[in-house]
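As provided, upload-v4.cif (mmCIF, C-alpha atoms) reads as follows.
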```cif
data_structure
loop_
_atom_site.label_atom_id
_atom_site.label_comp_id
_atom_site.auth_asym_id
_atom_site.auth_seq_id
_atom_site.Cartn_x
_atom_site.Cartn_y
_atom_site.Cartn_z
CA MET E 740 -79.50 98.33 124.40
CA ARG E 741 -78.42 95.53 126.74
CA PRO E 742 -76.17 95.77 129.81
CA LEU E 743 -72.44 95.48 129.02
CA VAL E 744 -73.07 94.70 125.34
CA GLN E 745 -70.61 96.56 123.13
CA VAL E 746 -71.74 98.73 120.23
CA ALA E 747 -70.15 98.72 116.79
CA PRO E 748 -67.18 101.11 116.37
CA GLY E 749 -69.03 103.15 113.77
CA THR E 750 -72.07 103.48 116.01
CA ARG E 751 -69.89 104.55 118.93
CA VAL E 752 -68.29 107.31 116.86
CA ALA E 753 -71.67 108.49 115.55
CA LEU E 754 -73.17 108.62 119.04
CA GLY E 755 -70.17 110.50 120.41
CA ILE E 756 -70.25 113.09 117.62
CA SER E 757 -74.02 113.49 117.92
CA PHE E 758 -73.71 114.62 121.53
CA PHE E 759 -71.24 117.37 120.56
CA VAL E 760 -73.55 118.47 117.75
CA LEU E 761 -76.50 118.62 120.13
CA PHE E 762 -74.44 120.51 122.71
CA PHE E 763 -73.40 123.20 120.22
CA LEU E 764 -76.94 123.51 118.87
CA VAL E 765 -78.30 124.15 122.35
CA TRP E 766 -75.48 126.60 123.03
CA ALA E 767 -76.14 128.47 119.77
CA ALA E 768 -79.88 128.58 120.40
CA ALA E 769 -79.39 129.98 123.91
CA THR E 770 -76.92 132.69 122.88
CA LEU E 771 -77.92 133.64 119.34
CA GLY E 772 -81.59 133.47 120.31
CA GLY E 773 -81.08 136.09 123.00
CA PHE E 774 -81.96 133.86 125.95
CA VAL E 775 -78.52 134.43 127.53
CA SER E 776 -76.59 137.70 127.53
CA LYS E 777 -73.42 137.56 125.43
CA THR E 778 -71.65 139.40 128.25
CA PHE E 779 -71.89 136.24 130.34
CA LEU E 780 -71.78 133.62 127.58
CA ALA E 781 -70.43 134.29 124.10
CA ASP E 782 -72.05 132.59 121.13
CA PRO E 783 -70.20 129.90 119.14
CA ILE E 784 -69.54 132.15 116.14
CA THR E 785 -67.91 134.88 118.22
CA MET E 786 -65.93 132.24 120.09
CA VAL E 787 -64.53 130.79 116.85
CA ARG E 788 -63.56 134.24 115.55
CA SER E 789 -61.82 135.11 118.80
CA GLY E 790 -60.06 131.74 118.79
CA TYR E 791 -58.73 132.35 115.31
CA ASP E 792 -57.48 135.79 116.36
CA LEU E 793 -55.76 134.28 119.40
CA LEU E 794 -54.01 131.66 117.29
CA ALA E 795 -53.14 133.88 114.32
CA ASN E 796 -52.31 137.20 115.96
CA GLN E 797 -51.80 136.87 119.70
CA GLY E 798 -49.36 133.96 120.00
CA PHE E 799 -51.77 131.59 121.70
CA ILE E 800 -49.98 128.63 120.13
CA LYS E 801 -47.00 129.38 122.37
CA ASP E 802 -49.31 129.40 125.40
CA ILE E 803 -50.69 126.01 124.38
CA GLY E 804 -47.18 124.64 123.98
CA MET E 805 -46.14 125.88 127.42
CA THR E 806 -49.17 124.32 129.08
CA VAL E 807 -48.67 120.98 127.33
CA TRP E 808 -45.01 120.98 128.35
CA ARG E 809 -45.92 121.64 131.98
CA VAL E 810 -48.51 118.89 132.04
CA LEU E 811 -46.24 116.30 130.45
CA GLY E 812 -43.22 117.34 132.48
CA GLY E 813 -44.91 117.27 135.87
CA PHE E 814 -46.82 114.09 135.07
CA ALA E 815 -43.69 112.30 133.78
CA ILE E 816 -41.79 113.09 136.98
CA ALA E 817 -44.69 111.82 139.06
CA ALA E 818 -45.05 108.63 136.98
CA VAL E 819 -41.33 107.79 137.06
CA LEU E 820 -41.36 107.88 140.85
CA ALA E 821 -44.88 106.56 141.48
CA VAL E 822 -44.77 103.39 139.35
CA PRO E 823 -41.89 101.64 141.15
CA LEU E 824 -43.13 102.71 144.58
CA GLY E 825 -46.66 101.55 143.78
CA VAL E 826 -45.36 98.19 142.55
CA LEU E 827 -43.33 97.73 145.73
CA MET E 828 -46.31 98.63 147.91
CA GLY E 829 -48.56 96.23 146.05
CA ALA E 830 -46.04 93.39 146.11
CA TYR E 831 -44.63 93.68 149.63
CA LYS E 832 -47.03 94.19 152.51
CA PRO E 833 -44.42 95.64 154.93
CA VAL E 834 -43.67 98.36 152.36
CA GLU E 835 -47.38 98.96 151.99
CA ALA E 836 -47.86 99.19 155.76
CA PHE E 837 -45.04 101.75 155.97
CA PHE E 838 -46.12 104.06 153.13
CA GLU E 839 -49.89 103.66 152.78
CA PRO E 840 -51.01 105.74 155.79
CA PHE E 841 -49.06 108.78 154.60
CA VAL E 842 -49.98 108.29 150.92
CA SER E 843 -53.66 107.91 151.82
CA PHE E 844 -53.41 111.08 153.90
CA ALA E 845 -51.57 113.08 151.25
CA ARG E 846 -53.84 112.17 148.35
CA TYR E 847 -56.72 114.03 150.00
CA LEU E 848 -54.73 117.26 150.17
CA PRO E 849 -55.71 119.57 147.28
CA ALA E 850 -52.74 120.48 145.12
CA SER E 851 -53.97 124.05 144.85
CA ALA E 852 -53.56 124.49 148.64
CA PHE E 853 -49.78 124.11 148.21
CA ILE E 854 -49.47 126.96 145.71
CA PRO E 855 -48.71 129.69 148.31
CA LEU E 856 -46.01 127.52 149.87
CA LEU E 857 -44.58 126.50 146.50
CA ILE E 858 -44.36 130.13 145.44
CA LEU E 859 -42.40 130.86 148.62
CA TRP E 860 -40.12 127.88 148.09
CA ALA E 861 -39.69 127.86 144.30
CA GLY E 862 -40.90 131.27 143.15
CA ILE E 863 -43.35 131.71 140.28
CA GLY E 864 -41.26 129.96 137.64
CA GLU E 865 -41.64 126.58 136.02
CA ALA E 866 -40.54 124.62 139.09
CA GLN E 867 -43.61 125.79 141.02
CA LYS E 868 -46.00 124.74 138.26
CA LEU E 869 -44.35 121.36 137.80
CA ALA E 870 -44.49 120.83 141.56
CA VAL E 871 -48.24 121.47 141.63
CA ILE E 872 -48.81 118.85 138.94
CA PHE E 873 -46.45 116.44 140.71
CA ILE E 874 -48.28 116.77 144.03
CA GLY E 875 -51.66 116.37 142.39
CA SER E 876 -50.61 113.26 140.44
CA PHE E 877 -48.00 111.39 142.48
CA PHE E 878 -50.01 110.24 145.49
CA GLN E 879 -53.02 109.23 143.39
CA LEU E 880 -50.79 107.19 141.11
CA VAL E 881 -48.97 105.42 143.94
CA LEU E 882 -52.12 104.22 145.68
CA MET E 883 -53.96 103.18 142.52
CA ILE E 884 -50.94 101.27 141.18
CA ALA E 885 -50.44 99.54 144.53
CA VAL E 886 -54.07 98.40 144.48
CA SER E 887 -53.70 97.10 140.91
CA VAL E 888 -50.60 95.09 141.76
CA GLY E 889 -52.09 93.80 145.00
CA ASN E 890 -55.19 92.52 143.17
CA THR E 891 -53.17 90.07 141.04
CA ARG E 892 -54.80 86.64 140.94
CA ARG E 893 -53.37 84.46 143.67
CA ASP E 894 -53.59 81.31 141.54
CA LEU E 895 -51.08 82.85 139.12
CA VAL E 896 -48.70 83.54 142.00
CA GLU E 897 -49.06 80.01 143.41
CA ALA E 898 -48.56 78.49 139.97
CA ALA E 899 -45.36 80.50 139.52
CA TYR E 900 -44.03 79.31 142.88
CA THR E 901 -44.89 75.75 141.94
CA LEU E 902 -42.89 76.11 138.74
CA GLY E 903 -39.87 77.25 140.71
CA ALA E 904 -40.05 81.05 140.53
CA GLY E 905 -38.40 83.02 143.31
CA ASP E 906 -39.71 86.14 145.04
CA ARG E 907 -38.06 88.46 142.53
CA GLY E 908 -39.41 86.41 139.64
CA ILE E 909 -42.92 86.66 141.09
CA VAL E 910 -42.70 90.43 140.98
CA THR E 911 -41.10 90.78 137.54
CA ARG E 912 -42.78 87.88 135.71
CA VAL E 913 -46.20 87.64 137.37
CA LEU E 914 -47.25 90.73 139.31
CA MET E 915 -46.00 93.36 136.89
CA PRO E 916 -47.18 91.73 133.62
CA SER E 917 -50.56 90.90 135.17
CA SER E 918 -51.17 94.42 136.46
CA ALA E 919 -49.51 96.28 133.56
CA PRO E 920 -52.80 96.96 131.68
CA GLU E 921 -54.39 98.40 134.82
CA ILE E 922 -51.31 100.47 135.54
CA ALA E 923 -51.45 101.89 132.02
CA GLU E 924 -55.14 102.68 132.50
CA THR E 925 -54.32 104.40 135.79
CA LEU E 926 -51.71 106.54 134.06
CA ARG E 927 -54.28 107.52 131.45
CA MET E 928 -56.83 108.61 134.03
CA VAL E 929 -54.40 110.56 136.20
CA LEU E 930 -53.01 112.35 133.14
CA GLY E 931 -56.49 113.80 132.74
CA TRP E 932 -56.42 115.03 136.32
CA ALA E 933 -53.02 116.64 135.70
CA TRP E 934 -54.69 119.03 133.26
CA THR E 935 -56.88 120.43 136.03
CA TYR E 936 -53.84 121.05 138.21
CA VAL E 937 -51.83 122.90 135.57
CA ILE E 938 -54.63 125.37 134.91
CA VAL E 939 -54.88 126.10 138.63
CA ALA E 940 -51.10 126.61 138.75
CA GLU E 941 -51.23 128.99 135.77
CA LEU E 942 -53.97 131.13 137.27
CA ILE E 943 -51.48 132.53 139.81
CA GLY E 944 -48.15 134.09 138.96
CA ALA E 945 -47.93 132.93 135.35
CA SER E 946 -46.89 134.94 132.31
CA SER E 947 -47.75 132.28 129.74
CA GLY E 948 -50.01 129.29 129.28
CA ILE E 949 -53.70 128.66 128.72
CA GLY E 950 -54.54 129.47 132.33
CA HIS E 951 -52.74 132.80 132.01
CA MET E 952 -54.78 133.66 128.91
CA ILE E 953 -58.01 132.74 130.70
CA THR E 954 -57.11 134.99 133.63
CA ASP E 955 -56.37 137.94 131.35
CA SER E 956 -59.62 137.34 129.46
CA GLN E 957 -61.59 137.32 132.70
CA ALA E 958 -60.35 140.83 133.51
CA LEU E 959 -61.62 141.99 130.11
CA LEU E 960 -64.95 140.09 130.38
CA ALA E 961 -63.93 138.29 127.18
CA THR E 962 -66.04 135.17 127.65
CA ASP E 963 -65.41 134.21 124.02
CA GLN E 964 -61.69 133.82 124.71
CA ILE E 965 -62.31 132.06 128.02
CA ILE E 966 -64.58 129.51 126.35
CA PHE E 967 -62.10 129.00 123.53
CA GLY E 968 -59.32 128.30 126.04
CA ILE E 969 -61.51 125.79 127.87
CA ILE E 970 -62.41 124.05 124.60
CA VAL E 971 -58.74 123.86 123.58
CA ILE E 972 -57.94 122.15 126.88
CA GLY E 973 -60.76 119.67 126.29
CA LEU E 974 -59.66 118.92 122.73
CA ILE E 975 -56.04 118.35 123.71
CA GLY E 976 -57.15 116.16 126.61
CA LEU E 977 -59.50 114.20 124.36
CA ALA E 978 -56.76 113.65 121.77
CA SER E 979 -54.28 112.49 124.42
CA ASP E 980 -56.90 110.21 125.93
CA PHE E 981 -57.64 108.52 122.59
CA ALA E 982 -53.90 108.19 121.90
CA PHE E 983 -53.35 106.63 125.33
CA LYS E 984 -56.22 104.17 124.77
CA ALA E 985 -54.91 103.15 121.36
CA PHE E 986 -51.39 102.72 122.74
CA ASN E 987 -52.68 100.59 125.62
CA ARG E 988 -54.71 98.37 123.29
CA LYS E 989 -51.69 97.81 121.09
CA LEU E 990 -49.32 97.23 124.00
CA PHE E 991 -51.65 94.97 126.03
CA PRO E 992 -53.97 93.21 123.56
CA TRP E 993 -54.79 90.44 126.05
CA ALA E 994 -56.45 92.97 128.36
CA GLN E 995 -59.31 93.37 125.85
CA LEU E 996 -60.27 89.69 126.00
CA GLY E 997 -63.65 89.12 127.55
CA ARG E 998 -64.72 92.77 127.30
#
```
Could you quickly redo this structure as structure tokens?
Amino acid sequence: MRPLVQVAPGTRVALGISFFVLFFLVWAAATLGGFVSKTFLADPITMVRSGYDLLANQGFIKDIGMTVWRVLGGFAIAAVLAVPLGVLMGAYKPVEAFFEPFVSFARYLPASAFIPLLILWAGIGEAQKLAVIFIGSFFQLVLMIAVSVGNTRRDLVEAAYTLGAGDRGIVTRVLMPSSAPEIAETLRMVLGWAWTYVIVAELIGASSGIGHMITDSQALLATDQIIFGIIVIGLIGLASDFAFKAFNRKLFPWAQLGR
């Protein structure tokens, strides 16, 4: 191993899979070997059986669909509003000076703290859950996108001015294309955070969703179902993360140069 030296794609896949294999082996040894009570931590075999029952007999697929819809819906609303505002803040310093203090303040506020207020304002329906995801994603996106745009190389900007570009052309033909790969990477990272917010939103006042299933399973001490729900979240997040990475590589191939 050498610092910053890439590994072959096949080796990367093998190393990633090997960690999961090791993790499940340790888990199986701890539970099936009797070192940990199954009341507090179900073994992998029981977890798989319970997961199959949830999917086949208890309509868990609908819960998964509802949670995915909430994540994508709330995140899409946040992204549609955050991207243009972040670009404006990164490009124009007066806009940044006006918005940044409040955005920096708001991004430290935990989205879960707004749940009681959102229930009062919007009830316990879908609007409340989408609002939690929006609050948790919007302010992070705005600030990170503004930083990405503001870090555009100044020599590119000066070269564009020299070639006759106007202020609007600088934004649309220099700042945005230059920062687009970083903006896409920011969207990918914050999408992962959105998953944590939706589960928190579903733990209170929800009648469907993965978080709702986890809450019901907690009351029954069904750790097998709780673990299965957590693993489903991780698998969906992992799949969306890989899809986002592949899409970004295809859309911005120049961003991979020099890596």
query: Quick one, how far is CA of Ile966 in chain E from CA of Lys868 in chain E?
result: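 For CA of Ile966 in chain E relative to CA of Lys868 in chain E, the distance reads 22.6 Å.
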Per-residue nearest contacts range 755-864 of chain E to range 927-948 of chain E, cut-off 12 Å, using all atoms listed in the file, as JSON lines:
```
{"residue": "E:Gln797", "atom": "CA", "partner": "E:Ser947", "partner_atom": "CA", "distance": 11.8}
{"residue": "E:Gly798", "atom": "CA", "partner": "E:Ser947", "partner_atom": "CA", "distance": 10.0}
{"residue": "E:Phe799", "atom": "CA", "partner": "E:Gly948", "partner_atom": "CA", "distance": 8.1}
{"residue": "E:Ile800", "atom": "CA", "partner": "E:Gly948", "partner_atom": "CA", "distance": 9.2}
{"residue": "E:Lys801", "atom": "CA", "partner": "E:Gly948", "partner_atom": "CA", "distance": 7.5}
{"residue": "E:Asp802", "atom": "CA", "partner": "E:Gly948", "partner_atom": "CA", "distance": 3.9}
{"residue": "E:Ile803", "atom": "CA", "partner": "E:Gly948", "partner_atom": "CA", "distance": 5.9}
{"residue": "E:Gly804", "atom": "CA", "partner": "E:Gly948", "partner_atom": "CA", "distance": 7.6}
{"residue": "E:Met805", "atom": "CA", "partner": "E:Gly948", "partner_atom": "CA", "distance": 5.5}
{"residue": "E:Thr806", "atom": "CA", "partner": "E:Gly948", "partner_atom": "CA", "distance": 5.0}
{"residue": "E:Val807", "atom": "CA", "partner": "E:Gly948", "partner_atom": "CA", "distance": 8.6}
{"residue": "E:Trp808", "atom": "CA", "partner": "E:Gly948", "partner_atom": "CA", "distance": 9.7}
{"residue": "E:Arg809", "atom": "CA", "partner": "E:Val937", "partner_atom": "CA", "distance": 7.0}
{"residue": "E:Val810", "atom": "CA", "partner": "E:Ala933", "partner_atom": "CA", "distance": 6.2}
{"residue": "E:Leu811", "atom": "CA", "partner": "E:Leu930", "partner_atom": "CA", "distance": 8.3}
{"residue": "E:Gly812", "atom": "CA", "partner": "E:Ala933", "partner_atom": "CA", "distance": 10.3}
{"residue": "E:Gly813", "atom": "CA", "partner": "E:Ala933", "partner_atom": "CA", "distance": 8.1}
{"residue": "E:Phe814", "atom": "CA", "partner": "E:Leu930", "partner_atom": "CA", "distance": 6.7}
{"residue": "E:Ala815", "atom": "CA", "partner": "E:Leu930", "partner_atom": "CA", "distance": 9.3}
{"residue": "E:Ile816", "atom": "CA", "partner": "E:Ala933", "partner_atom": "CA", "distance": 11.8}
{"residue": "E:Ala817", "atom": "CA", "partner": "E:Ala933", "partner_atom": "CA", "distance": 10.2}
{"residue": "E:Ala818", "atom": "CA", "partner": "E:Val929", "partner_atom": "CA", "distance": 9.6}
{"residue": "E:Ala821", "atom": "CA", "partner": "E:Val929", "partner_atom": "CA", "distance": 11.6}
{"residue": "E:Pro849", "atom": "CA", "partner": "E:Tyr936", "partner_atom": "CA", "distance": 9.4}
{"residue": "E:Ala850", "atom": "CA", "partner": "E:Tyr936", "partner_atom": "CA", "distance": 7.0}
{"residue": "E:Ser851", "atom": "CA", "partner": "E:Val939", "partner_atom": "CA", "distance": 6.6}
{"residue": "E:Ala852", "atom": "CA", "partner": "E:Val939", "partner_atom": "CA", "distance": 10.2}
{"residue": "E:Phe853", "atom": "CA", "partner": "E:Ala940", "partner_atom": "CA", "distance": 9.9}
{"residue": "E:Ile854", "atom": "CA", "partner": "E:Ala940", "partner_atom": "CA", "distance": 7.2}
{"residue": "E:Pro855", "atom": "CA", "partner": "E:Ile943", "partner_atom": "CA", "distance": 9.4}
{"residue": "E:Leu857", "atom": "CA", "partner": "E:Ala940", "partner_atom": "CA", "distance": 10.1}
{"residue": "E:Ile858", "atom": "CA", "partner": "E:Gly944", "partner_atom": "CA", "distance": 8.5}
{"residue": "E:Leu859", "atom": "CA", "partner": "E:Gly944", "partner_atom": "CA", "distance": 11.7}
{"residue": "E:Ala861", "atom": "CA", "partner": "E:Gly944", "partner_atom": "CA", "distance": 11.8}
{"residue": "E:Gly862", "atom": "CA", "partner": "E:Gly944", "partner_atom": "CA", "distance": 8.8}
{"residue": "E:Ile863", "atom": "CA", "partner": "E:Gly944", "partner_atom": "CA", "distance": 5.5}
{"residue": "E:Gly864", "atom": "CA", "partner": "E:Ala945", "partner_atom": "CA", "distance": 7.7}
```
Restricting it to C-alpha atoms, dump the selection as a compact mmCIF listing (two decimals), in the coordinates of the input.
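Result written to out14.txt:
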```txt
# COMPACT_ATOMS: atom_id res chain seq x y z
CA GLN E 797 -51.80 136.87 119.70
CA GLY E 798 -49.36 133.96 120.00
CA PHE E 799 -51.77 131.59 121.70
CA ILE E 800 -49.98 128.63 120.13
CA LYS E 801 -47.00 129.38 122.37
CA ASP E 802 -49.31 129.40 125.40
CA ILE E 803 -50.69 126.01 124.38
CA GLY E 804 -47.18 124.64 123.98
CA MET E 805 -46.14 125.88 127.42
CA THR E 806 -49.17 124.32 129.08
CA VAL E 807 -48.67 120.98 127.33
CA TRP E 808 -45.01 120.98 128.35
CA ARG E 809 -45.92 121.64 131.98
CA VAL E 810 -48.51 118.89 132.04
CA LEU E 811 -46.24 116.30 130.45
CA GLY E 812 -43.22 117.34 132.48
CA GLY E 813 -44.91 117.27 135.87
CA PHE E 814 -46.82 114.09 135.07
CA ALA E 815 -43.69 112.30 133.78
CA ILE E 816 -41.79 113.09 136.98
CA ALA E 817 -44.69 111.82 139.06
CA ALA E 818 -45.05 108.63 136.98
CA ALA E 821 -44.88 106.56 141.48
CA PRO E 849 -55.71 119.57 147.28
CA ALA E 850 -52.74 120.48 145.12
CA SER E 851 -53.97 124.05 144.85
CA ALA E 852 -53.56 124.49 148.64
CA PHE E 853 -49.78 124.11 148.21
CA ILE E 854 -49.47 126.96 145.71
CA PRO E 855 -48.71 129.69 148.31
CA LEU E 857 -44.58 126.50 146.50
CA ILE E 858 -44.36 130.13 145.44
CA LEU E 859 -42.40 130.86 148.62
CA ALA E 861 -39.69 127.86 144.30
CA GLY E 862 -40.90 131.27 143.15
CA ILE E 863 -43.35 131.71 140.28
CA GLY E 864 -41.26 129.96 137.64
```
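When all atoms listed in the file are used to measure the gap to Thr785 in chain E, the shortest distance among E:Ile953, E:Ile970, E:Ala961, E:Ala747 belongs to E:Ala961.
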task: Work out how far apart CA of Leu761 in chain E and CA of Pro783 in chain E are and give it in Å to one decimal.
output: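 Taking CA of Leu761 in chain E and CA of Pro783 in chain E, their separation equals 13.0 Å.
Straight-line separation from CA of Phe758 in chain E to CA of Thr778 in chain E: 25.8 Å.
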message: Using all atoms listed in the file for the distances, tell me which of E:Asp894, E:Asp906, E:Glu921, E:Glu865 is nearest to Arg988 in chain E.
response: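 Ranked by minimum distance to Arg988 in chain E, first place goes to E:Glu921.
Residue nearest Ser918 in chain E, chosen from E:Val826, E:Ala899, E:Ile949, E:Val775 and counting only C-alpha atoms: E:Val826.
You can rank E:Leu793, E:Val913, E:Val881, E:Met786 by their closest distance to Ala845 in chain E using only C-alpha atoms, and at the top of that list sits E:Val881.
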- prompt: From the list E:Arg788, E:Thr954, E:Leu977, E:Val842, which residue is nearest Leu824 in chain E when using all atoms listed in the file?
  reply: E:Val842
Written as a CSV table (one decimal) with C-alpha atoms, in the coordinates of the input, which residues does the PyMOL selection byres ((chain E and resi 991) around 12) give for the file shown?
```
chain,number,residue,atom,x,y,z
E,916,PRO,CA,-47.2,91.7,133.6
E,917,SER,CA,-50.6,90.9,135.2
E,918,SER,CA,-51.2,94.4,136.5
E,919,ALA,CA,-49.5,96.3,133.6
E,920,PRO,CA,-52.8,97.0,131.7
E,921,GLU,CA,-54.4,98.4,134.8
E,922,ILE,CA,-51.3,100.5,135.5
E,923,ALA,CA,-51.4,101.9,132.0
E,924,GLU,CA,-55.1,102.7,132.5
E,983,PHE,CA,-53.4,106.6,125.3
E,984,LYS,CA,-56.2,104.2,124.8
E,985,ALA,CA,-54.9,103.2,121.4
E,986,PHE,CA,-51.4,102.7,122.7
E,987,ASN,CA,-52.7,100.6,125.6
E,988,ARG,CA,-54.7,98.4,123.3
E,989,LYS,CA,-51.7,97.8,121.1
E,990,LEU,CA,-49.3,97.2,124.0
E,992,PRO,CA,-54.0,93.2,123.6
E,993,TRP,CA,-54.8,90.4,126.0
E,994,ALA,CA,-56.4,93.0,128.4
E,995,GLN,CA,-59.3,93.4,125.8
E,996,LEU,CA,-60.3,89.7,126.0
```
- request: Pull out every residue that the PyMOL selection byres ((chain E and resi 768-771) around 12) matches in the shown coordinates and put them as a ChimeraX atom specification.
  value: /E:761-767,772-786,963
